[in-house]
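Undergrad: Sharing query-v1.pdb (PDB, C-alpha atoms and all ligand atoms) below.
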```
ATOM      1  CA  MET A1305     131.254 168.028 116.054  1.00  0.00           C
ATOM      2  CA  ASN A1306     134.062 169.842 114.369  1.00  0.00           C
ATOM      3  CA  GLN A1307     137.175 167.835 115.098  1.00  0.00           C
ATOM      4  CA  LEU A1308     140.333 169.896 115.311  1.00  0.00           C
ATOM      5  CA  PHE A1309     142.652 167.024 115.989  1.00  0.00           C
ATOM      6  CA  GLU A1310     142.758 163.773 114.142  1.00  0.00           C
ATOM      7  CA  ASP A1311     142.229 160.730 116.295  1.00  0.00           C
ATOM      8  CA  ILE A1312     145.601 159.117 115.877  1.00  0.00           C
ATOM      9  CA  PRO A1313     145.531 156.120 118.175  1.00  0.00           C
ATOM     10  CA  PHE A1314     148.447 156.237 120.579  1.00  0.00           C
ATOM     11  CA  VAL A1315     150.052 152.849 120.949  1.00  0.00           C
ATOM     12  CA  GLU A1316     152.248 152.445 123.974  1.00  0.00           C
ATOM     13  CA  ASN A1317     155.637 151.007 123.023  1.00  0.00           C
ATOM     14  CA  PRO A1318     157.179 148.995 125.909  1.00  0.00           C
ATOM     15  CA  GLN A1319     160.732 149.345 124.581  1.00  0.00           C
ATOM     16  CA  TYR A1320     160.479 153.135 124.274  1.00  0.00           C
ATOM     17  CA  GLU A1321     158.776 153.357 127.680  1.00  0.00           C
ATOM     18  CA  ARG A1322     161.699 151.479 129.231  1.00  0.00           C
ATOM     19  CA  ILE A1323     164.195 153.842 127.555  1.00  0.00           C
ATOM     20  CA  ILE A1324     162.301 156.867 128.903  1.00  0.00           C
ATOM     21  CA  ASN A1325     162.080 155.431 132.420  1.00  0.00           C
ATOM     22  CA  ASP A1326     165.767 154.517 132.431  1.00  0.00           C
ATOM     23  CA  ILE A1327     166.786 158.006 131.317  1.00  0.00           C
ATOM     24  CA  LEU A1328     164.543 159.664 133.906  1.00  0.00           C
ATOM     25  CA  LEU A1329     165.863 157.446 136.693  1.00  0.00           C
ATOM     26  CA  GLN A1330     169.541 157.059 135.815  1.00  0.00           C
ATOM     27  CA  LYS A1331     170.274 159.445 132.878  1.00  0.00           C
ATOM     28  CA  TYR A1332     171.100 156.570 130.504  1.00  0.00           C
ATOM     29  CA  SER A1333     169.559 153.491 128.957  1.00  0.00           C
ATOM     30  CA  ILE A1334     171.082 150.358 127.441  1.00  0.00           C
ATOM     31  CA  VAL A1335     169.055 148.520 124.792  1.00  0.00           C
ATOM     32  CA  GLU A1336     170.257 145.194 123.400  1.00  0.00           C
ATOM     33  CA  ASN A1337     167.788 144.719 120.543  1.00  0.00           C
ATOM     34  CA  PHE A1338     167.061 148.153 119.093  1.00  0.00           C
ATOM     35  CA  PHE A1339     168.291 146.914 115.694  1.00  0.00           C
ATOM     36  CA  THR A1340     168.050 143.333 114.429  1.00  0.00           C
ATOM     37  CA  PRO A1341     171.240 141.217 114.257  1.00  0.00           C
ATOM     38  CA  GLN A1342     170.855 141.347 110.453  1.00  0.00           C
ATOM     39  CA  GLU A1343     170.748 145.171 110.478  1.00  0.00           C
ATOM     40  CA  VAL A1344     173.785 145.302 112.752  1.00  0.00           C
ATOM     41  CA  MET A1345     175.723 142.955 110.480  1.00  0.00           C
ATOM     42  CA  GLU A1346     174.791 144.944 107.354  1.00  0.00           C
ATOM     43  CA  LEU A1347     175.624 148.273 109.010  1.00  0.00           C
ATOM     44  CA  ARG A1348     179.022 146.839 110.006  1.00  0.00           C
ATOM     45  CA  GLN A1349     179.643 145.761 106.385  1.00  0.00           C
ATOM     46  CA  SER A1350     178.602 149.206 105.187  1.00  0.00           C
ATOM     47  CA  LEU A1351     180.943 150.903 107.667  1.00  0.00           C
ATOM     48  CA  LEU A1352     183.864 148.665 106.649  1.00  0.00           C
ATOM     49  CA  GLU A1353     183.272 149.212 102.916  1.00  0.00           C
ATOM     50  CA  LYS A1354     183.185 152.986 103.337  1.00  0.00           C
ATOM     51  CA  HIS A1355     186.275 152.861 105.535  1.00  0.00           C
ATOM     52  CA  GLU A1356     188.134 150.875 102.882  1.00  0.00           C
ATOM     53  CA  ALA A1357     187.098 153.495 100.313  1.00  0.00           C
ATOM     54  CA  ASN A1358     189.088 156.018 102.401  1.00  0.00           C
ATOM     55  CA  VAL A1359     186.203 158.398 102.997  1.00  0.00           C
ATOM     56  CA  PHE A1360     186.551 158.496 106.779  1.00  0.00           C
ATOM     57  CA  LYS A1361     188.152 161.567 108.374  1.00  0.00           C
ATOM     58  CA  LYS A1362     190.043 161.936 111.614  1.00  0.00           C
ATOM     59  CA  ALA A1363     187.534 162.999 114.242  1.00  0.00           C
ATOM     60  CA  ALA A1364     187.957 166.517 115.561  1.00  0.00           C
ATOM     61  CA  ILE A1365     187.128 168.314 118.782  1.00  0.00           C
ATOM     62  CA  GLY A1366     185.530 171.748 119.052  1.00  0.00           C
ATOM     63  CA  ASN A1367     182.567 172.847 116.972  1.00  0.00           C
ATOM     64  CA  ARG A1368     182.272 172.229 113.262  1.00  0.00           C
ATOM     65  CA  LEU A1369     183.516 175.706 112.352  1.00  0.00           C
ATOM     66  CA  ASN A1370     186.470 175.470 114.644  1.00  0.00           C
ATOM     67  CA  GLU A1371     187.683 171.908 114.459  1.00  0.00           C
ATOM     68  CA  VAL A1372     190.953 170.745 115.897  1.00  0.00           C
ATOM     69  CA  ILE A1373     192.350 167.281 115.431  1.00  0.00           C
ATOM     70  CA  GLU A1374     193.834 166.289 118.756  1.00  0.00           C
ATOM     71  CA  LYS A1375     194.985 162.710 118.953  1.00  0.00           C
ATOM     72  CA  SER A1376     195.734 163.061 122.662  1.00  0.00           C
ATOM     73  CA  VAL A1377     191.973 163.556 123.186  1.00  0.00           C
ATOM     74  CA  ARG A1378     190.395 161.266 120.597  1.00  0.00           C
ATOM     75  CA  GLY A1379     191.812 158.944 117.962  1.00  0.00           C
ATOM     76  CA  ASP A1380     188.766 157.663 116.102  1.00  0.00           C
ATOM     77  CA  VAL A1381     187.977 158.232 112.432  1.00  0.00           C
ATOM     78  CA  ILE A1382     184.426 159.148 111.433  1.00  0.00           C
ATOM     79  CA  LEU A1383     182.069 159.562 108.497  1.00  0.00           C
ATOM     80  CA  TRP A1384     178.941 161.724 108.865  1.00  0.00           C
ATOM     81  CA  ILE A1385     175.782 160.104 107.477  1.00  0.00           C
ATOM     82  CA  ASP A1386     173.612 162.363 105.318  1.00  0.00           C
ATOM     83  CA  GLU A1387     169.992 161.277 105.825  1.00  0.00           C
ATOM     84  CA  THR A1388     168.920 162.910 102.559  1.00  0.00           C
ATOM     85  CA  ARG A1389     171.366 160.648 100.699  1.00  0.00           C
ATOM     86  CA  ALA A1390     170.921 157.551 102.824  1.00  0.00           C
ATOM     87  CA  ASP A1391     171.065 154.141 101.130  1.00  0.00           C
ATOM     88  CA  PRO A1392     168.217 151.686 101.940  1.00  0.00           C
ATOM     89  CA  LEU A1393     170.110 150.291 104.926  1.00  0.00           C
ATOM     90  CA  GLU A1394     170.784 153.743 106.386  1.00  0.00           C
ATOM     91  CA  ALA A1395     167.183 154.715 105.622  1.00  0.00           C
ATOM     92  CA  ALA A1396     166.000 151.748 107.725  1.00  0.00           C
ATOM     93  CA  PHE A1397     168.391 152.903 110.482  1.00  0.00           C
ATOM     94  CA  PHE A1398     166.926 156.431 110.394  1.00  0.00           C
ATOM     95  CA  ALA A1399     163.353 155.074 110.280  1.00  0.00           C
ATOM     96  CA  LYS A1400     163.930 153.471 113.700  1.00  0.00           C
ATOM     97  CA  ILE A1401     165.598 156.606 115.063  1.00  0.00           C
ATOM     98  CA  ASN A1402     162.744 158.771 113.760  1.00  0.00           C
ATOM     99  CA  SER A1403     160.141 156.501 115.311  1.00  0.00           C
ATOM    100  CA  LEU A1404     161.868 156.818 118.704  1.00  0.00           C
ATOM    101  CA  VAL A1405     162.152 160.600 118.298  1.00  0.00           C
ATOM    102  CA  ALA A1406     158.438 160.910 117.421  1.00  0.00           C
ATOM    103  CA  TYR A1407     157.587 158.923 120.552  1.00  0.00           C
ATOM    104  CA  LEU A1408     159.899 161.000 122.770  1.00  0.00           C
ATOM    105  CA  ASN A1409     158.479 164.241 121.409  1.00  0.00           C
ATOM    106  CA  LYS A1410     154.930 163.035 121.920  1.00  0.00           C
ATOM    107  CA  THR A1411     155.313 161.598 125.418  1.00  0.00           C
ATOM    108  CA  CYS A1412     158.097 163.728 126.921  1.00  0.00           C
ATOM    109  CA  PHE A1413     157.763 167.012 124.981  1.00  0.00           C
ATOM    110  CA  LEU A1414     161.497 166.860 124.345  1.00  0.00           C
ATOM    111  CA  GLY A1415     161.284 169.029 121.231  1.00  0.00           C
ATOM    112  CA  ILE A1416     163.842 167.038 119.265  1.00  0.00           C
ATOM    113  CA  ALA A1417     163.966 168.746 115.868  1.00  0.00           C
ATOM    114  CA  HIS A1418     167.347 167.739 114.481  1.00  0.00           C
ATOM    115  CA  LYS A1419     169.760 164.896 114.566  1.00  0.00           C
ATOM    116  CA  GLU A1420     173.288 164.145 113.432  1.00  0.00           C
ATOM    117  CA  PHE A1421     174.900 160.728 113.112  1.00  0.00           C
ATOM    118  CA  HIS A1422     178.283 159.408 112.063  1.00  0.00           C
ATOM    119  CA  TYR A1423     180.011 156.089 111.610  1.00  0.00           C
ATOM    120  CA  ALA A1424     183.028 155.763 113.895  1.00  0.00           C
ATOM    121  CA  LEU A1425     186.019 153.459 113.805  1.00  0.00           C
ATOM    122  CA  TYR A1426     188.552 153.374 116.632  1.00  0.00           C
ATOM    123  CA  PRO A1427     191.806 151.808 115.395  1.00  0.00           C
ATOM    124  CA  GLU A1428     193.800 149.714 117.854  1.00  0.00           C
ATOM    125  CA  GLY A1429     195.464 151.914 120.481  1.00  0.00           C
ATOM    126  CA  THR A1430     192.991 154.810 120.204  1.00  0.00           C
ATOM    127  CA  PHE A1431     190.574 156.201 122.807  1.00  0.00           C
ATOM    128  CA  TYR A1432     188.374 159.211 123.533  1.00  0.00           C
ATOM    129  CA  LYS A1433     189.313 160.969 126.764  1.00  0.00           C
ATOM    130  CA  ARG A1434     186.681 161.920 129.311  1.00  0.00           C
ATOM    131  CA  HIS A1435     184.366 164.622 127.949  1.00  0.00           C
ATOM    132  CA  LEU A1436     180.855 166.026 127.803  1.00  0.00           C
ATOM    133  CA  ASP A1437     179.254 165.905 124.346  1.00  0.00           C
ATOM    134  CA  THR A1438     178.155 169.530 124.652  1.00  0.00           C
ATOM    135  CA  PHE A1439     181.828 170.393 124.680  1.00  0.00           C
ATOM    136  CA  GLN A1440     181.345 170.479 120.921  1.00  0.00           C
ATOM    137  CA  ASN A1441     179.892 173.977 121.690  1.00  0.00           C
ATOM    138  CA  ASP A1442     176.470 172.694 120.874  1.00  0.00           C
ATOM    139  CA  ASP A1443     173.979 172.948 123.711  1.00  0.00           C
ATOM    140  CA  ARG A1444     171.232 171.750 121.386  1.00  0.00           C
ATOM    141  CA  ARG A1445     172.443 168.193 121.889  1.00  0.00           C
ATOM    142  CA  LYS A1446     169.965 166.554 124.270  1.00  0.00           C
ATOM    143  CA  LEU A1447     170.516 162.829 123.892  1.00  0.00           C
ATOM    144  CA  SER A1448     173.602 160.955 122.749  1.00  0.00           C
ATOM    145  CA  PHE A1449     172.997 157.676 120.944  1.00  0.00           C
ATOM    146  CA  VAL A1450     175.642 155.010 120.280  1.00  0.00           C
ATOM    147  CA  CYS A1451     175.125 151.687 118.513  1.00  0.00           C
ATOM    148  CA  TYR A1452     178.033 149.233 118.518  1.00  0.00           C
ATOM    149  CA  LEU A1453     178.763 147.371 115.298  1.00  0.00           C
ATOM    150  CA  ASN A1454     181.544 145.057 116.475  1.00  0.00           C
ATOM    151  CA  GLU A1455     181.691 141.415 115.420  1.00  0.00           C
ATOM    152  CA  ALA A1456     179.869 138.766 117.410  1.00  0.00           C
ATOM    153  CA  GLY A1457     182.122 137.377 120.139  1.00  0.00           C
ATOM    154  CA  TRP A1458     183.547 140.783 121.147  1.00  0.00           C
ATOM    155  CA  LEU A1459     185.408 140.285 124.450  1.00  0.00           C
ATOM    156  CA  PRO A1460     185.772 142.681 127.407  1.00  0.00           C
ATOM    157  CA  GLU A1461     189.559 142.224 126.982  1.00  0.00           C
ATOM    158  CA  ASN A1462     189.281 143.998 123.616  1.00  0.00           C
ATOM    159  CA  GLY A1463     189.052 147.265 125.578  1.00  0.00           C
ATOM    160  CA  GLY A1464     187.161 150.265 124.255  1.00  0.00           C
ATOM    161  CA  GLU A1465     184.635 150.207 127.046  1.00  0.00           C
ATOM    162  CA  LEU A1466     182.409 153.256 127.406  1.00  0.00           C
ATOM    163  CA  VAL A1467     182.587 154.647 130.941  1.00  0.00           C
ATOM    164  CA  LEU A1468     179.814 156.963 132.140  1.00  0.00           C
ATOM    165  CA  TYR A1469     180.601 159.139 135.176  1.00  0.00           C
ATOM    166  CA  PHE A1470     178.031 160.145 137.782  1.00  0.00           C
ATOM    167  CA  ASN A1471     178.454 162.782 140.446  1.00  0.00           C
ATOM    168  CA  GLU A1472     175.982 162.543 143.254  1.00  0.00           C
ATOM    169  CA  GLN A1473     176.391 164.073 146.694  1.00  0.00           C
ATOM    170  CA  HIS A1474     180.097 164.719 146.027  1.00  0.00           C
ATOM    171  CA  THR A1475     180.736 161.055 145.287  1.00  0.00           C
ATOM    172  CA  GLU A1476     181.766 159.922 141.860  1.00  0.00           C
ATOM    173  CA  THR A1477     180.601 156.596 140.542  1.00  0.00           C
ATOM    174  CA  GLU A1478     181.078 155.069 137.137  1.00  0.00           C
ATOM    175  CA  LYS A1479     179.222 152.687 134.885  1.00  0.00           C
ATOM    176  CA  ILE A1480     181.317 150.545 132.546  1.00  0.00           C
ATOM    177  CA  ILE A1481     179.598 149.521 129.310  1.00  0.00           C
ATOM    178  CA  TYR A1482     181.187 147.017 126.925  1.00  0.00           C
ATOM    179  CA  PRO A1483     180.652 147.694 123.209  1.00  0.00           C
ATOM    180  CA  PHE A1484     178.935 144.406 122.446  1.00  0.00           C
ATOM    181  CA  PRO A1485     177.474 144.175 118.919  1.00  0.00           C
ATOM    182  CA  GLY A1486     173.940 145.496 118.564  1.00  0.00           C
ATOM    183  CA  ARG A1487     174.021 147.205 121.936  1.00  0.00           C
ATOM    184  CA  VAL A1488     172.594 150.726 121.936  1.00  0.00           C
ATOM    185  CA  VAL A1489     173.398 153.248 124.649  1.00  0.00           C
ATOM    186  CA  ILE A1490     171.359 156.445 124.979  1.00  0.00           C
ATOM    187  CA  PHE A1491     172.346 159.064 127.543  1.00  0.00           C
ATOM    188  CA  GLU A1492     171.832 162.689 128.501  1.00  0.00           C
ATOM    189  CA  SER A1493     174.366 164.651 126.460  1.00  0.00           C
ATOM    190  CA  GLN A1494     174.467 167.642 128.795  1.00  0.00           C
ATOM    191  CA  LEU A1495     174.694 165.737 132.061  1.00  0.00           C
ATOM    192  CA  LEU A1496     176.976 162.734 131.714  1.00  0.00           C
ATOM    193  CA  GLU A1497     180.721 162.944 131.264  1.00  0.00           C
ATOM    194  CA  HIS A1498     182.054 159.807 129.626  1.00  0.00           C
ATOM    195  CA  GLU A1499     185.086 158.310 127.926  1.00  0.00           C
ATOM    196  CA  VAL A1500     186.099 155.510 125.598  1.00  0.00           C
ATOM    197  CA  LYS A1501     188.916 153.489 127.154  1.00  0.00           C
ATOM    198  CA  PRO A1502     191.891 152.505 124.984  1.00  0.00           C
ATOM    199  CA  VAL A1503     190.906 150.065 122.286  1.00  0.00           C
ATOM    200  CA  LYS A1504     192.896 146.870 121.796  1.00  0.00           C
ATOM    201  CA  THR A1505     190.919 145.596 118.781  1.00  0.00           C
ATOM    202  CA  GLU A1506     189.412 147.839 116.091  1.00  0.00           C
ATOM    203  CA  ARG A1507     186.072 149.109 117.450  1.00  0.00           C
ATOM    204  CA  LEU A1508     183.101 150.000 115.251  1.00  0.00           C
ATOM    205  CA  SER A1509     179.988 152.064 115.976  1.00  0.00           C
ATOM    206  CA  ILE A1510     177.449 154.620 114.843  1.00  0.00           C
ATOM    207  CA  THR A1511     177.147 157.625 117.129  1.00  0.00           C
ATOM    208  CA  GLY A1512     174.618 160.403 116.973  1.00  0.00           C
ATOM    209  CA  TRP A1513     172.847 163.191 118.770  1.00  0.00           C
ATOM    210  CA  LEU A1514     169.211 164.144 119.062  1.00  0.00           C
ATOM    211  CA  LYS A1515     169.003 167.926 119.172  1.00  0.00           C
ATOM    212  CA  THR A1516     166.533 170.700 119.845  1.00  0.00           C
ATOM    213  CA  HIS A1517     165.664 173.531 117.368  1.00  0.00           C
TER     214      HIS A1517
HETATM  215  O1  LIG B1601     181.638 155.187 121.190  1.00  0.00           O
HETATM  216  C1  LIG B1601     181.274 155.457 122.333  1.00  0.00           C
HETATM  217  O2  LIG B1601     181.046 154.577 123.179  1.00  0.00           O
HETATM  218  C2  LIG B1601     181.127 156.914 122.736  1.00  0.00           C
HETATM  219  C3  LIG B1601     181.647 157.884 121.702  1.00  0.00           C
HETATM  220  C4  LIG B1601     181.622 159.312 122.186  1.00  0.00           C
HETATM  221  O3  LIG B1601     181.664 159.581 123.354  1.00  0.00           O
HETATM  222  C5  LIG B1601     181.505 160.419 121.220  1.00  0.00           C
HETATM  223  O4  LIG B1601     181.654 160.203 119.997  1.00  0.00           O
HETATM  224  O5  LIG B1601     181.253 161.562 121.661  1.00  0.00           O
HETATM  225 FE    FE B1602     180.944 161.530 123.666  1.00  0.00          FE
END
```
Represent the structure contained in this file as structure tokens.

TA:
Amino acid sequence: MNQLFEDIPFVENPQYERIINDILLQKYSIVENFFTPQEVMELRQSLLEKHEANVFKKAAIGNRLNEVIEKSVRGDVILWIDETRADPLEAAFFAKINSLVAYLNKTCFLGIAHKEFHYALYPEGTFYKRHLDTFQNDDRRKLSFVCYLNEAGWLPENGGELVLYFNEQHTETEKIIYPFPGRVVIFESQLLEHEVKPVKTERLSITGWLKTH
């Protein structure tokens, strides 16, 4: 028989299945072991080295053609990561992201075709006021992805918690998420307003978006 499609065996991935179920049920998912502790530690070192080399920029609001730096809205500094020029560590980071994206596209027909990721550092005293990620004038953003790179022993008192807001039947509820090292949060970019509460100790992360077309 003439086979049109290759028989690529589909292997169910329990971690990805849990992420998909979480997002379908509650619009977000929290994963504690998406990256290994070693990867998290090395990504933190990489972030800190690049930050010391003064290549981070003040994060802006608005789209990329019309950026405004507004410290009353967000005070973090960021560095976009270019996948085509990724070092081995960043390449390993993107390999895991790409594996998740391939799975999502295959099982959920999400049509993720692009992605953008940046390192982020929130100096003490900074925050990111409540917003929707599509407020960057980019409705191609489907899923927001944050991985926290703080040191082991991060305490809730350090501030910088991510708060997700839910509006159901005219009642607002919130979910508070502490930026513990290695924790990954994935949520629906177009549906969930969220904010980063004021940071009392420098807060490190990689944030990105999985986008259509
Ligand atoms: O760092 C976080 O917890 C969220 C960051 C965020 O909301 C953003 O960069 O759009
Ligand atoms: Fe955001």

Undergrad: Rounded to one decimal, what separation in Å do you get between atom CA of Glu1353 of chain A and atom CA of Lys1419 of chain A?

TA: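 Interatomic distance here is 23.8 Å.
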
Undergrad: Report the distance between atom CA of Ala1390 of chain A and atom CA of Cys1412 of chain A in Å, rounded to one decimal place.

TA: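 So the two atoms, atom CA of Ala1390 of chain A and atom CA of Cys1412 of chain A, lie 28.0 Å apart.
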
Undergrad: Show me a table, sorted first by chain and then by increasing residue number, of the residues of chain A having an atom at most 9 Å from ligand FE 1602 (chain B), each with its shortest atom pair and the distance in Å to one decimal, counting only C-alpha atoms and all ligand atoms and written as a Markdown table.

TA:
```
| residue | atom | partner | partner_atom | distance |
| --- | --- | --- | --- | --- |
| A:Tyr1432 | CA | B:FE1602 | FE | 7.8 |
| A:Lys1433 | CA | B:FE1602 | FE | 8.9 |
| A:Arg1434 | CA | B:FE1602 | FE | 8.1 |
| A:His1435 | CA | B:FE1602 | FE | 6.3 |
| A:Leu1436 | CA | B:FE1602 | FE | 6.1 |
| A:Asp1437 | CA | B:FE1602 | FE | 4.7 |
| A:Thr1438 | CA | B:FE1602 | FE | 8.5 |
| A:Phe1439 | CA | B:FE1602 | FE | 9.0 |
| A:Ser1448 | CA | B:FE1602 | FE | 7.4 |
| A:Ser1493 | CA | B:FE1602 | FE | 7.8 |
| A:Glu1497 | CA | B:FE1602 | FE | 7.7 |
| A:His1498 | CA | B:FE1602 | FE | 6.3 |
| A:Glu1499 | CA | B:FE1602 | FE | 6.8 |
| A:Val1500 | CA | B:FE1602 | FE | 8.2 |
| A:Thr1511 | CA | B:FE1602 | FE | 8.5 |
```

Undergrad: On this structure, which residues satisfy the PyMOL selection byres (((chain A and resi 1334-1340) around 8) and not hetatm), written as a PyMOL selection string?

TA: chain A and resi 1323+1332-1333+1341-1344+1397+1486-1490

Undergrad: Could you check how far atom CA of Thr1411 of chain A sits from atom CA of Leu1328 of chain A, in Å to one decimal?

TA: 12.7 Å

Undergrad: Nearest to Glu1387 of chain A: which of A:Val1467, A:His1418, A:Val1405, A:Val1372 is it, counting all atoms listed in the file?

TA: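 Between A:Val1467, A:His1418, A:Val1405, A:Val1372, the residue approaching Glu1387 of chain A most closely is A:His1418.
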
Undergrad: If the PyMOL selection byres (((chain A and resi 1502) around 10) and not hetatm) is run on the structure shown, which residues does it catch, given as a PyMOL selection string?

TA: chain A and resi 1378-1379+1426-1433+1462-1466+1499-1501+1503-1505

Undergrad: Would you mind exporting C-alpha atoms of the selected residues as an mmCIF file, in the frame of the given file?

TA:
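Contents of selection07.cif, freshly written:
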```
data_model
loop_
_atom_site.group_PDB
_atom_site.id
_atom_site.type_symbol
_atom_site.label_atom_id
_atom_site.label_comp_id
_atom_site.auth_asym_id
_atom_site.auth_seq_id
_atom_site.Cartn_x
_atom_site.Cartn_y
_atom_site.Cartn_z
ATOM 1 C CA ARG A 1378 190.395 161.266 120.597
ATOM 2 C CA GLY A 1379 191.812 158.944 117.962
ATOM 3 C CA TYR A 1426 188.552 153.374 116.632
ATOM 4 C CA PRO A 1427 191.806 151.808 115.395
ATOM 5 C CA GLU A 1428 193.800 149.714 117.854
ATOM 6 C CA GLY A 1429 195.464 151.914 120.481
ATOM 7 C CA THR A 1430 192.991 154.810 120.204
ATOM 8 C CA PHE A 1431 190.574 156.201 122.807
ATOM 9 C CA TYR A 1432 188.374 159.211 123.533
ATOM 10 C CA LYS A 1433 189.313 160.969 126.764
ATOM 11 C CA ASN A 1462 189.281 143.998 123.616
ATOM 12 C CA GLY A 1463 189.052 147.265 125.578
ATOM 13 C CA GLY A 1464 187.161 150.265 124.255
ATOM 14 C CA GLU A 1465 184.635 150.207 127.046
ATOM 15 C CA LEU A 1466 182.409 153.256 127.406
ATOM 16 C CA GLU A 1499 185.086 158.310 127.926
ATOM 17 C CA VAL A 1500 186.099 155.510 125.598
ATOM 18 C CA LYS A 1501 188.916 153.489 127.154
ATOM 19 C CA VAL A 1503 190.906 150.065 122.286
ATOM 20 C CA LYS A 1504 192.896 146.870 121.796
ATOM 21 C CA THR A 1505 190.919 145.596 118.781
#
```

Undergrad: May I have the residues within 12 Å of Glu1316 of chain A as JSON, numbers by chain, using only C-alpha atoms and disregarding those fewer than 4 positions away in the same chain?

TA: {"A": [1320, 1321, 1322, 1404, 1407, 1408, 1410, 1411]}

Undergrad: Just need the box for ligand LIG 1601 (chain B), edges along x, y and z, holding every atom the file lists for it with 6 Å tacked onto each side, so centre and edge lengths in Å to one decimal, as JSON.

TA:
```
{"center_x": 181.4, "center_y": 158.1, "center_z": 121.7, "size_x": 12.6, "size_y": 19.0, "size_z": 15.4}
```

Undergrad: In terms of the shortest atom-to-atom distance over all atoms listed in the file, which of A:Glu1374, A:Asp1380, A:Glu1478, A:Glu1506 is closest to ligand LIG 1601 (chain B)?

TA: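 Nearest candidate to ligand LIG 1601 (chain B) out of A:Glu1374, A:Asp1380, A:Glu1478, A:Glu1506: A:Asp1380.
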
Undergrad: With all atoms listed in the file as the basis for distance, which of A:Asn1441, A:Phe1491, A:Ile1481, A:Ala1363 is at the shortest distance from Leu1329 of chain A?

TA: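 Distance minimum relative to Leu1329 of chain A lands on A:Phe1491.
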
Undergrad: Translate the PyMOL selection byres (((chain A and resi 1424) around 6) and not hetatm) into a concrete residue list for this structure, as JSON, numbers by chain.

TA: {"A": [1381, 1382, 1423, 1425, 1508, 1509, 1510]}

Undergrad: Using all atoms listed in the file, determine which residues lie at most 7 Å from Gly1512 of chain A, disregarding the query and same-chain residues fewer than 2 positions distant; provide the list as a PyMOL selection string.

TA: chain A and resi 1420-1422+1448-1450+1510+1514

Undergrad: Around (178.8, 136.4, 118.2) in the file's frame, which residues reach within 10 Å when counting all atoms listed in the file? Return as an MDAnalysis selection string?

TA: chainID A and resid 1341 1454:1459 1484:1485

Undergrad: Tell me which of A:Val1359, A:Leu1495, A:Cys1451, A:Ile1416 sits closest to ligand LIG 1601 (chain B), counting all atoms listed in the file.

TA: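 Looking only at the distances to ligand LIG 1601 (chain B), the closest residue turns out to be A:Cys1451.
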
Undergrad: As a ChimeraX atom specification, please: the residues near Leu1347 of chain A (cut-off 8 Å, only C-alpha atoms, same-chain neighbours under 3 positions excluded).

TA: /A:1343-1344,1350-1351,1393-1394,1453

Undergrad: Select, from A:Gly1415, A:Pro1313, A:Pro1318, A:Gly1366, the residue with the minimum atom-to-atom distance to ligand LIG 1601 (chain B), counting all atoms listed in the file.

TA: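 Nearest to ligand LIG 1601 (chain B): A:Gly1366.
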